Amino acid sequence: MAPADWVVAGVGPFGSGVGALVPHGFEAYARILHPALASDGSPVTWAEVAAWSGRVVHPRVQFRALATPASDVRAAKPWEEEPDPGTLPPAMLAALCDVLARHTTSGDRCWFCAWDGYGATSDGRATVIFTSEGDGPPEPDLLPPEFPPDIANGPRVELPERSYLLLEGPLDAAGELAMSLFPQSPNLFWPDDRAWCVATEIDLDSTYLGGTAALVAEVLADGRLEAVPVEVTDPVWADSDEVNR
């Protein structure tokens, strides 16, 4: 059985909710909210945005609905840029991996998916630190605009509306992927024992994960992460916020 077969079999149709991003069947699920950015580049939590707008952070919250004031607001908004879609900031990714490592027996062997549509840097290069299956420890490669043949022609994971390169490495390699001169978190990754699965869909400003109830409880309690519990059937798109409409 190929490493990603269980993921392909476990996700639902594209657009069908959390379960279209991470496989069905986990004991619990969580959503990590990517921060907005202040004018000085510092992170701004969704809770801070809600305190300004008079709105509510909840499992199906969507940023633009949250950031629309419920009434007249005189104070300046606390953020300058909306949350980045498609990537979890490096500090939060490191914090998440710190938690994930305590909930797997195979942190030394994980599987990573990188969307195959990423472009090159402004100087025609991209940097990836990973190896394809069986190539040994990760080493940096300076790549041309497209992935080199040994990676581009390597294993793929085909999910509805998305095609990913499949890469292998230890859990601490999760933060070593970079595209267009900025860090890029894996779009999908899991350990060999399938204890959990993490997904950062390219069009969404949140990262979703499935795992044990203990893992999700630890993620929700970690002050380095802003996370909410979700159900596998929860919708994920911009019009999903019925509370803050």
# chains A, B, ... in the order shown; residues from 1 in each chain; ligands from 1
>>> residues_around(residues="Leu204 in chain A", least_positions_apart="4", cutoff="10 Å", atoms="only C-alpha atoms", output="list in words")
Leu33, His34, Gln62, Pro83, Asp84, Pro85, Gly86, Thr87, Thr200, Tyr208, Val236, Trp237 and Ala238 of chain A
>>> select_by_dssp(residues="range 6-240 of chain A", states="strand (DSSP E or B)", output="NGL selection string")
:A and (28-33 or 36-37 or 43-44 or 81 or 110-115 or 126-129 or 131 or 140-143 or 156-159 or 162-169 or 177-179 or 182-183 or 188-191 or 197-199 or 206-211 or 227-230)
>>> atom_distance(atom1="CA of Ala91 in chain A", atom2="CA of Phe26 in chain A")
25.7 Å
>>> closest_residue(among="A:Leu188, A:Leu167, A:Val243, A:Ala36", to="Leu21 in chain A", atoms="only C-alpha atoms")
A:Leu188
>>> residues_around(residues="Asn244 in chain A", least_positions_apart="2", cutoff="6 Å", atoms="only C-alpha atoms", output="PyMOL selection string")
chain A and resi 65+241-242
>>> closest_residue(among="A:Val22, A:Leu166, A:Val228, A:Cys97", to="Ala4 in chain A", atoms="only C-alpha atoms")
A:Leu166
>>> closest_residue(among="A:Ala173, A:Ala20, A:Val73, A:Ala67", to="Val8 in chain A", atoms="only C-alpha atoms")
A:Ala20
>>> select_by_dssp(residues="chain A", states="alpha helix (DSSP H)", output="VMD selection string")
chain A and resid 5 to 10 46 to 53 63 to 66 90 to 100 149 to 152 213 to 221
>>> residues_around(residues="range 105-112 of chain A", least_positions_apart="4", cutoff="9 Å", atoms="only C-alpha atoms", output="ChimeraX atom specification")
/A:3-4,100-101,130,133,165-174,186-195
